[in-house]
$ cat work_13.csv   # CSV, C-alpha atoms
chain,number,residue,atom,x,y,z
A,1351,MET,CA,0.0,0.0,0.0
A,1352,THR,CA,1.5,3.3,-1.0
A,1353,LEU,CA,0.0,6.4,0.4
A,1354,LYS,CA,0.1,9.8,-1.2
A,1355,ASN,CA,2.6,12.2,0.4
A,1356,PHE,CA,1.4,15.6,1.6
A,1357,LEU,CA,3.8,18.2,3.1
A,1358,VAL,CA,2.6,20.8,5.6
A,1359,ALA,CA,4.9,23.7,6.3
A,1360,VAL,CA,4.4,25.5,9.6
A,1361,ASP,CA,6.2,28.4,11.3
A,1362,LEU,CA,5.6,27.4,15.0
A,1363,THR,CA,3.6,30.5,15.8
A,1364,GLU,CA,-0.1,30.4,16.9
A,1365,GLU,CA,-0.9,30.4,13.2
A,1366,ALA,CA,0.4,26.8,12.8
A,1367,ASP,CA,-2.9,25.4,14.1
A,1368,GLU,CA,-4.9,26.9,11.2
A,1369,VAL,CA,-2.5,25.4,8.7
A,1370,LEU,CA,-2.3,22.0,10.4
A,1371,THR,CA,-6.1,21.9,10.7
A,1372,ALA,CA,-6.5,22.4,7.0
A,1373,ALA,CA,-3.7,20.0,6.1
A,1374,HIS,CA,-5.1,17.3,8.4
A,1375,GLN,CA,-8.6,17.6,6.9
A,1376,LEU,CA,-7.2,17.3,3.4
A,1377,ALA,CA,-4.9,14.4,4.3
A,1378,VAL,CA,-7.9,12.5,5.8
A,1379,GLU,CA,-10.1,13.2,2.8
A,1380,ARG,CA,-7.4,12.1,0.3
A,1381,GLU,CA,-6.0,9.3,2.5
A,1382,ALA,CA,-2.5,10.9,2.4
A,1383,GLN,CA,0.5,10.6,4.7
A,1384,LEU,CA,1.2,14.0,6.2
A,1385,THR,CA,4.8,15.2,6.9
A,1386,ALA,CA,5.3,18.4,8.8
A,1387,ILE,CA,8.2,20.7,8.1
A,1388,THR,CA,9.5,23.8,9.8
A,1389,VAL,CA,12.5,25.8,8.5
A,1390,VAL,CA,14.8,27.8,10.8
A,1391,ARG,CA,16.6,30.7,9.0
A,1392,PRO,CA,20.3,30.7,9.4
A,1393,MET,CA,21.2,33.6,11.8
A,1394,LEU,CA,24.3,34.6,9.9
A,1395,ALA,CA,22.2,35.5,6.9
A,1396,ALA,CA,20.9,38.5,8.8
A,1397,TYR,CA,24.4,40.0,8.7
A,1398,GLY,CA,25.0,39.7,5.0
A,1399,ASN,CA,28.5,39.2,3.7
A,1400,ILE,CA,30.5,40.7,6.5
A,1401,GLY,CA,33.4,38.9,8.3
A,1402,PHE,CA,32.2,37.0,11.3
A,1403,GLY,CA,35.3,35.7,13.0
A,1404,SER,CA,34.5,36.5,16.6
A,1405,PHE,CA,30.9,35.2,16.9
A,1406,ASN,CA,31.3,32.3,14.5
A,1407,SER,CA,31.1,29.4,16.9
A,1408,SER,CA,28.6,30.9,19.3
A,1409,THR,CA,26.3,31.7,16.4
A,1410,PHE,CA,26.4,28.0,15.4
A,1411,ASP,CA,25.7,27.0,19.0
A,1412,LEU,CA,22.6,29.3,18.8
A,1413,GLU,CA,21.5,27.8,15.6
A,1414,ALA,CA,21.9,24.3,16.9
A,1415,GLU,CA,19.9,25.3,19.9
A,1416,ALA,CA,17.2,27.0,17.8
A,1417,LEU,CA,16.9,23.8,15.6
A,1418,LYS,CA,16.6,21.6,18.7
A,1419,LEU,CA,13.9,23.8,20.2
A,1420,ALA,CA,12.0,24.0,16.9
A,1421,LYS,CA,12.2,20.2,16.5
A,1422,THR,CA,10.7,19.7,20.0
A,1423,LYS,CA,7.9,22.3,19.4
A,1424,LEU,CA,7.1,20.8,15.9
A,1425,VAL,CA,6.9,17.3,17.3
A,1426,GLN,CA,4.5,18.4,20.1
A,1427,LEU,CA,2.4,20.4,17.7
A,1428,ALA,CA,2.3,17.7,15.0
A,1429,ASP,CA,1.3,15.1,17.6
A,1430,GLN,CA,-2.1,16.9,18.0
A,1431,TYR,CA,-2.8,16.2,14.4
A,1432,ASP,CA,-1.7,12.5,14.4
A,1433,ILE,CA,1.7,13.2,12.8
A,1434,ASP,CA,4.3,11.1,14.4
A,1435,PRO,CA,7.9,12.3,15.1
A,1436,GLU,CA,9.4,10.4,12.1
A,1437,HIS,CA,7.2,12.6,9.9
A,1438,CYS,CA,8.5,15.9,11.4
A,1439,LYS,CA,11.3,17.7,9.7
A,1440,THR,CA,13.2,20.6,11.1
A,1441,LEU,CA,15.6,22.2,8.6
A,1442,LEU,CA,18.0,25.1,8.4
A,1443,GLY,CA,17.9,27.4,5.4
A,1444,SER,CA,15.6,29.5,3.2
A,1445,PRO,CA,12.0,28.5,3.9
A,1446,ALA,CA,10.6,28.5,0.3
A,1447,GLN,CA,13.7,26.6,-1.0
A,1448,GLU,CA,13.8,24.0,1.8
A,1449,ILE,CA,10.1,23.3,1.5
A,1450,ARG,CA,10.4,22.9,-2.3
A,1451,ARG,CA,13.5,20.7,-1.9
A,1452,LEU,CA,11.9,18.4,0.6
A,1453,ALA,CA,8.7,18.2,-1.4
A,1454,ALA,CA,10.7,17.1,-4.4
A,1455,GLU,CA,12.7,14.6,-2.4
A,1456,MET,CA,9.6,12.9,-0.9
A,1457,LYS,CA,7.7,13.2,-4.1
A,1458,ALA,CA,4.9,15.1,-2.4
A,1459,GLU,CA,1.7,15.6,-4.3
A,1460,MET,CA,0.6,18.6,-2.3
A,1461,ILE,CA,2.2,21.3,-0.2
A,1462,ILE,CA,0.0,23.0,2.4
A,1463,LEU,CA,1.1,26.3,4.0
A,1464,GLY,CA,-0.2,29.5,5.4
A,1465,THR,CA,-0.6,32.9,3.8
A,1466,HIS,CA,-1.6,36.4,4.8
A,1467,SER,CA,-3.6,39.2,3.2
A,1468,ARG,CA,-2.2,41.9,5.6
A,1469,HIS,CA,0.9,43.9,4.9
A,1470,GLY,CA,4.1,44.3,6.9
A,1471,LEU,CA,5.1,41.1,8.6
A,1472,GLY,CA,2.3,39.3,6.7
A,1473,LEU,CA,3.8,40.3,3.4
A,1474,LEU,CA,7.1,38.7,4.5
A,1475,LEU,CA,5.4,35.5,5.5
A,1476,GLY,CA,3.2,35.5,2.4
A,1477,SER,CA,6.4,35.6,0.3
A,1478,THR,CA,7.2,32.1,1.4
A,1479,ALA,CA,3.9,31.0,-0.1
A,1480,SER,CA,4.8,32.8,-3.4
A,1481,GLY,CA,8.3,31.4,-3.3
A,1482,VAL,CA,7.0,27.9,-2.9
A,1483,LEU,CA,4.5,28.5,-5.7
A,1484,HIS,CA,7.2,29.5,-8.1
A,1485,GLY,CA,8.8,26.4,-9.3
A,1486,ALA,CA,6.7,24.0,-7.2
A,1487,ILE,CA,6.6,20.5,-8.6
A,1488,CYS,CA,3.2,19.8,-7.1
A,1489,ASP,CA,-0.1,21.3,-6.0
A,1490,VAL,CA,0.1,24.0,-3.4
A,1491,LEU,CA,-2.8,24.9,-0.9
A,1492,ALA,CA,-2.2,28.3,0.6
A,1493,VAL,CA,-4.4,28.5,3.7
A,1494,LYS,CA,-5.6,32.0,4.6
A,1495,ILE,CA,-4.5,33.0,8.1
A,1496,HIS,CA,-7.0,35.0,9.9
A,1497,ASP,CA,-5.2,38.1,11.0
A,1498,GLU,CA,-7.8,39.6,13.4
A,1499,PRO,CA,-7.0,39.1,17.0
A,1500,ALA,CA,-9.4,36.5,18.5
A,1501,ALA,CA,-11.5,39.2,20.2
A,1502,ALA,CA,-15.0,37.9,19.5
A,1503,ALA,CA,-15.9,34.8,21.5
B,511,MET,CA,-29.2,25.2,3.1
B,512,THR,CA,-26.2,27.4,2.4
B,513,LEU,CA,-23.4,25.8,0.5
B,514,LYS,CA,-19.8,26.9,0.6
B,515,ASN,CA,-18.7,28.9,-2.4
B,516,PHE,CA,-15.6,27.8,-4.3
B,517,LEU,CA,-14.2,29.7,-7.3
B,518,VAL,CA,-12.2,28.0,-10.1
B,519,ALA,CA,-10.3,30.2,-12.4
B,520,VAL,CA,-9.5,28.8,-15.9
B,521,ASP,CA,-7.8,30.2,-19.0
B,522,LEU,CA,-9.6,28.2,-21.6
B,523,THR,CA,-6.5,26.4,-22.9
B,524,GLU,CA,-6.1,22.6,-22.7
B,525,GLU,CA,-4.8,23.2,-19.2
B,526,ALA,CA,-8.3,24.1,-18.0
B,527,ASP,CA,-9.2,20.4,-17.7
B,528,GLU,CA,-6.5,19.8,-15.1
B,529,VAL,CA,-7.7,22.7,-13.0
B,530,LEU,CA,-11.4,21.9,-13.3
B,531,THR,CA,-10.8,18.2,-12.4
B,532,ALA,CA,-9.0,19.3,-9.2
B,533,ALA,CA,-11.7,21.9,-8.4
B,534,HIS,CA,-14.5,19.5,-9.0
B,535,GLN,CA,-13.0,16.8,-6.8
B,536,LEU,CA,-12.5,19.3,-3.9
B,537,ALA,CA,-16.0,20.8,-4.4
B,538,VAL,CA,-17.5,17.3,-4.2
B,539,GLU,CA,-15.4,16.4,-1.1
B,540,ARG,CA,-16.4,19.6,0.7
B,541,GLU,CA,-20.0,19.8,-0.7
B,542,ALA,CA,-19.3,23.3,-2.1
B,543,GLN,CA,-20.9,25.2,-5.0
B,544,LEU,CA,-18.4,25.7,-7.7
B,545,THR,CA,-18.3,28.9,-9.8
B,546,ALA,CA,-16.0,29.1,-12.9
B,547,ILE,CA,-14.4,32.3,-13.9
B,548,THR,CA,-12.3,33.2,-17.0
B,549,VAL,CA,-10.8,36.7,-17.5
B,550,VAL,CA,-10.2,38.3,-20.9
B,551,ARG,CA,-7.5,40.9,-20.8
B,552,PRO,CA,-8.4,44.3,-22.3
B,553,MET,CA,-6.7,44.6,-25.7
B,554,LEU,CA,-5.9,48.2,-25.3
B,555,ALA,CA,-3.7,47.5,-22.3
B,556,ALA,CA,-1.1,46.0,-24.7
B,557,TYR,CA,-0.6,49.4,-26.3
B,558,GLY,CA,0.0,51.3,-23.0
B,559,ASN,CA,-0.8,54.9,-22.8
B,560,ILE,CA,-0.8,55.9,-26.4
B,561,GLY,CA,-3.6,57.7,-28.2
B,562,PHE,CA,-6.0,55.3,-29.8
B,563,GLY,CA,-8.5,57.5,-31.8
B,564,SER,CA,-8.6,55.5,-35.0
B,565,PHE,CA,-9.0,51.9,-33.7
B,566,ASN,CA,-11.0,52.8,-30.7
B,567,SER,CA,-14.5,51.4,-31.6
B,568,SER,CA,-13.2,48.4,-33.6
B,569,THR,CA,-11.1,47.4,-30.6
B,570,PHE,CA,-14.2,47.4,-28.4
B,571,ASP,CA,-15.9,45.3,-31.0
B,572,LEU,CA,-13.1,42.8,-30.8
B,573,GLU,CA,-13.2,42.7,-27.0
B,574,ALA,CA,-17.0,42.2,-27.0
B,575,GLU,CA,-16.5,39.4,-29.5
B,576,ALA,CA,-13.7,37.9,-27.4
B,577,LEU,CA,-15.8,38.0,-24.3
B,578,LYS,CA,-18.7,36.3,-26.1
B,579,LEU,CA,-16.5,33.5,-27.4
B,580,ALA,CA,-14.9,33.1,-24.0
B,581,LYS,CA,-18.3,32.9,-22.4
B,582,THR,CA,-19.5,30.2,-24.9
B,583,LYS,CA,-16.3,28.2,-24.4
B,584,LEU,CA,-16.4,28.5,-20.6
B,585,VAL,CA,-20.0,27.3,-20.4
B,586,GLN,CA,-19.2,24.3,-22.6
B,587,LEU,CA,-16.2,23.4,-20.6
B,588,ALA,CA,-17.9,23.9,-17.2
B,589,ASP,CA,-20.8,21.8,-18.2
B,590,GLN,CA,-18.5,18.7,-18.3
B,591,TYR,CA,-17.9,19.3,-14.6
B,592,ASP,CA,-21.5,19.9,-13.6
B,593,ILE,CA,-21.2,23.7,-13.4
B,594,ASP,CA,-24.3,25.3,-14.8
B,595,PRO,CA,-24.2,28.5,-17.0
B,596,GLU,CA,-25.4,30.7,-14.1
B,597,HIS,CA,-22.2,29.8,-12.3
B,598,CYS,CA,-20.0,30.8,-15.2
B,599,LYS,CA,-18.5,34.3,-15.2
B,600,THR,CA,-16.6,35.9,-18.0
B,601,LEU,CA,-14.9,39.1,-17.1
B,602,LEU,CA,-12.7,41.7,-18.7
B,603,GLY,CA,-9.7,43.0,-16.8
B,604,SER,CA,-6.5,41.9,-15.0
B,605,PRO,CA,-6.9,38.2,-14.2
B,606,ALA,CA,-5.5,38.3,-10.6
B,607,GLN,CA,-7.5,41.4,-9.7
B,608,GLU,CA,-10.8,40.2,-11.2
B,609,ILE,CA,-10.4,36.7,-9.6
B,610,ARG,CA,-9.8,38.3,-6.2
B,611,ARG,CA,-12.7,40.8,-6.6
B,612,LEU,CA,-15.2,38.1,-7.6
B,613,ALA,CA,-14.0,35.8,-4.8
B,614,ALA,CA,-14.6,38.7,-2.3
B,615,GLU,CA,-18.0,39.5,-3.8
B,616,MET,CA,-19.3,35.9,-3.6
B,617,LYS,CA,-17.6,35.3,-0.3
B,618,ALA,CA,-15.7,32.4,-1.7
B,619,GLU,CA,-13.9,30.1,0.8
B,620,MET,CA,-11.5,28.7,-1.7
B,621,ILE,CA,-10.0,29.8,-5.1
B,622,ILE,CA,-8.6,27.0,-7.3
B,623,LEU,CA,-6.3,27.9,-10.2
B,624,GLY,CA,-3.5,26.5,-12.3
B,625,THR,CA,0.2,27.2,-11.9
B,626,HIS,CA,3.4,26.2,-13.8
B,627,SER,CA,6.9,25.3,-12.8
B,628,ARG,CA,8.4,26.0,-16.2
B,629,HIS,CA,9.7,29.4,-17.2
B,630,GLY,CA,8.7,31.7,-20.1
B,631,LEU,CA,5.0,31.6,-20.8
B,632,GLY,CA,4.6,29.5,-17.7
B,633,LEU,CA,6.1,32.2,-15.5
B,634,LEU,CA,3.6,34.7,-16.9
B,635,LEU,CA,0.7,32.4,-16.1
B,636,GLY,CA,2.2,31.6,-12.8
B,637,SER,CA,2.1,35.2,-11.9
B,638,THR,CA,-1.7,35.2,-11.9
B,639,ALA,CA,-1.5,32.6,-9.1
B,640,SER,CA,1.0,34.7,-7.2
B,641,GLY,CA,-1.2,37.8,-7.8
B,642,VAL,CA,-4.2,36.0,-6.5
B,643,LEU,CA,-2.3,34.8,-3.5
B,644,HIS,CA,-1.2,38.3,-2.5
B,645,GLY,CA,-4.1,39.8,-0.8
B,646,ALA,CA,-6.5,36.9,-1.2
B,647,ILE,CA,-9.2,36.8,1.3
B,648,CYS,CA,-9.6,33.0,1.3
B,649,ASP,CA,-7.7,29.8,0.8
B,650,VAL,CA,-6.0,29.3,-2.6
B,651,LEU,CA,-5.3,25.9,-4.2
B,652,ALA,CA,-2.7,26.2,-7.0
B,653,VAL,CA,-3.0,23.2,-9.2
B,654,LYS,CA,0.3,22.1,-10.8
B,655,ILE,CA,-0.1,22.0,-14.6
B,656,HIS,CA,1.9,19.2,-16.1
B,657,ASP,CA,4.0,20.9,-18.8
B,658,GLU,CA,5.3,17.8,-20.5
B,659,PRO,CA,3.5,16.9,-23.8
B,660,ALA,CA,1.4,13.8,-23.3
B,661,ALA,CA,4.0,11.5,-25.0
B,662,ALA,CA,3.8,8.4,-22.8
B,663,ALA,CA,0.6,6.5,-23.0
$ encode --input "work_13.csv" --output "structure tokens"
Amino acid sequence: MTLKNFLVAVDLTEEADEVLTAAHQLAVEREAQLTAITVVRPMLAAYGNIGFGSFNSSTFDLEAEALKLAKTKLVQLADQYDIDPEHCKTLLGSPAQEIRRLAAEMKAEMIILGTHSRHGLGLLLGSTASGVLHGAICDVLAVKIHDEPAAAA
Amino acid sequence: MTLKNFLVAVDLTEEADEVLTAAHQLAVEREAQLTAITVVRPMLAAYGNIGFGSFNSSTFDLEAEALKLAKTKLVQLADQYDIDPEHCKTLLGSPAQEIRRLAAEMKAEMIILGTHSRHGLGLLLGSTASGVLHGAICDVLAVKIHDEPAAAA
């Protein structure tokens, strides 16, 4: 029995639940195996092409620590949606690129991720969705994140 | 009984079938009402901001003719996927903008459209998907169009 492979990309904020809920529903409907991915951006990238002699090793320590924390959080989160730890991937790199790479590697038939309509930070996050869309080798479901604070009960 | 509204955007090429097939499957799974849209680009836009005194009225005739043809083709195509003529919309304008506008107007919960991984023409078509994604007020399913010619049986 070979299941279809679906890949859900989450950013470990409170938005992850909306994306995981949509991904879980679709995976159940299509009888697909769901794999969850989160991508940690390399910290050095923020500094551009400057020399980084003095904080080199401590930055790598921080990245290793960030990856470990992200892995733990992803496994906890995914567990609520019946995704076991073997199907949780925590990677370091550019989100859109790593999501596309993993999707190709696992021959995913669908990528599910979140997107925003607001500007500012939302535009930044939205750009991951656009980046995944460009050159994606499979279907992409972009789940609209509801930006309003949960004020109404 | 209120059905969910799904909007499927097609470009009336042979690719439309892949997008309509995916949209139809999802609409059946989610018990949603499917509306089909195709957008004809205004022909004058290709000329930019030049004066257009002499070919003004004939251009409008051509556009009206193009819209009529597109409408007929869309209705025929949609019929194969159980979408009745009242749920077929042929609009004139910028594809991404018109798709988003109609989705907002009909309070669509999902937009389904095609996207490409190839470059050239595909990148152009892909930009409609990106344009819809930015500022979309609902979920967007981008269906991967298979670019290879159907060589293998």
$ interface_residues --input "work_13.csv" --of "chain B" --to "chain A" --cutoff "7 Å" --atoms "all atoms listed in the file" --output "PyMOL selection string"
chain B and resi 627-628+640+644-654
$ atom_distance --input "work_13.csv" --atom1 "CA of Glu615 in chain B" --atom2 "CA of Thr545 in chain B"
12.2 Å
$ atom_distance --input "work_13.csv" --atom1 "CA of Thr512 in chain B" --atom2 "CA of Ala606 in chain B"
26.8 Å
$ residues_around --input "work_13.csv" --residues "Leu1362 in chain A" --least-positions-apart "5" --cutoff "9 Å" --atoms "only C-alpha atoms" --output "list in words"
Asp1367, Thr1388, Ala1420, Lys1423, Leu1424 and Leu1427 of chain A
$ write_last_selection --input "work_13.csv" --atoms "C-alpha atoms" --output "PDB file, in the coordinates of the input"
ATOM      1  CA  ASP A1367      -2.900  25.400  14.100  1.00  0.00           C
ATOM      2  CA  THR A1388       9.500  23.800   9.800  1.00  0.00           C
ATOM      3  CA  ALA A1420      12.000  24.000  16.900  1.00  0.00           C
ATOM      4  CA  LYS A1423       7.900  22.300  19.400  1.00  0.00           C
ATOM      5  CA  LEU A1424       7.100  20.800  15.900  1.00  0.00           C
ATOM      6  CA  LEU A1427       2.400  20.400  17.700  1.00  0.00           C
TER       7      LEU A1427
END
$ closest_residue --input "work_13.csv" --among "A:Pro1392, A:Gln1430, A:Ala1458, A:Asn1355" --to "Leu1442 in chain A" --atoms "all atoms listed in the file"
A:Pro1392
$ residues_around --input "work_13.csv" --residues "Lys599 in chain B" --least-positions-apart "4" --cutoff "12 Å" --atoms "all atoms listed in the file" --output "mmCIF file with C-alpha atoms, in the coordinates of the input"
data_model
loop_
_atom_site.group_PDB
_atom_site.id
_atom_site.type_symbol
_atom_site.label_atom_id
_atom_site.label_comp_id
_atom_site.auth_asym_id
_atom_site.auth_seq_id
_atom_site.Cartn_x
_atom_site.Cartn_y
_atom_site.Cartn_z
ATOM 1 C CA LEU B 517 -14.200 29.700 -7.300
ATOM 2 C CA VAL B 518 -12.200 28.000 -10.100
ATOM 3 C CA ALA B 519 -10.300 30.200 -12.400
ATOM 4 C CA VAL B 520 -9.500 28.800 -15.900
ATOM 5 C CA LEU B 544 -18.400 25.700 -7.700
ATOM 6 C CA THR B 545 -18.300 28.900 -9.800
ATOM 7 C CA ALA B 546 -16.000 29.100 -12.900
ATOM 8 C CA ILE B 547 -14.400 32.300 -13.900
ATOM 9 C CA THR B 548 -12.300 33.200 -17.000
ATOM 10 C CA VAL B 549 -10.800 36.700 -17.500
ATOM 11 C CA VAL B 550 -10.200 38.300 -20.900
ATOM 12 C CA LEU B 577 -15.800 38.000 -24.300
ATOM 13 C CA LYS B 578 -18.700 36.300 -26.100
ATOM 14 C CA ALA B 580 -14.900 33.100 -24.000
ATOM 15 C CA LYS B 581 -18.300 32.900 -22.400
ATOM 16 C CA THR B 582 -19.500 30.200 -24.900
ATOM 17 C CA LYS B 583 -16.300 28.200 -24.400
ATOM 18 C CA LEU B 584 -16.400 28.500 -20.600
ATOM 19 C CA VAL B 585 -20.000 27.300 -20.400
ATOM 20 C CA ALA B 588 -17.900 23.900 -17.200
ATOM 21 C CA ILE B 593 -21.200 23.700 -13.400
ATOM 22 C CA ASP B 594 -24.300 25.300 -14.800
ATOM 23 C CA PRO B 595 -24.200 28.500 -17.000
ATOM 24 C CA GLU B 608 -10.800 40.200 -11.200
ATOM 25 C CA ILE B 609 -10.400 36.700 -9.600
ATOM 26 C CA LEU B 612 -15.200 38.100 -7.600
ATOM 27 C CA ALA B 613 -14.000 35.800 -4.800
ATOM 28 C CA MET B 616 -19.300 35.900 -3.600
#
$ atom_distance --input "work_13.csv" --atom1 "CA of Lys514 in chain B" --atom2 "CA of Tyr1431 in chain A"
24.4 Å
$ closest_residue --input "work_13.csv" --among "B:Val538, B:Met553, B:Leu601, B:Leu513" --to "Leu579 in chain B" --atoms "only C-alpha atoms"
B:Leu601
$ closest_residue --input "work_13.csv" --among "A:Ala1454, A:Phe1356, A:Asp1361, A:His1437" --to "Thr1478 in chain A" --atoms "all atoms listed in the file"
A:Asp1361
$ closest_residue --input "work_13.csv" --among "A:Glu1413, A:Ser1444, A:Cys1438, A:Asp1432" --to "Gln1375 in chain A" --atoms "all atoms listed in the file"
A:Asp1432
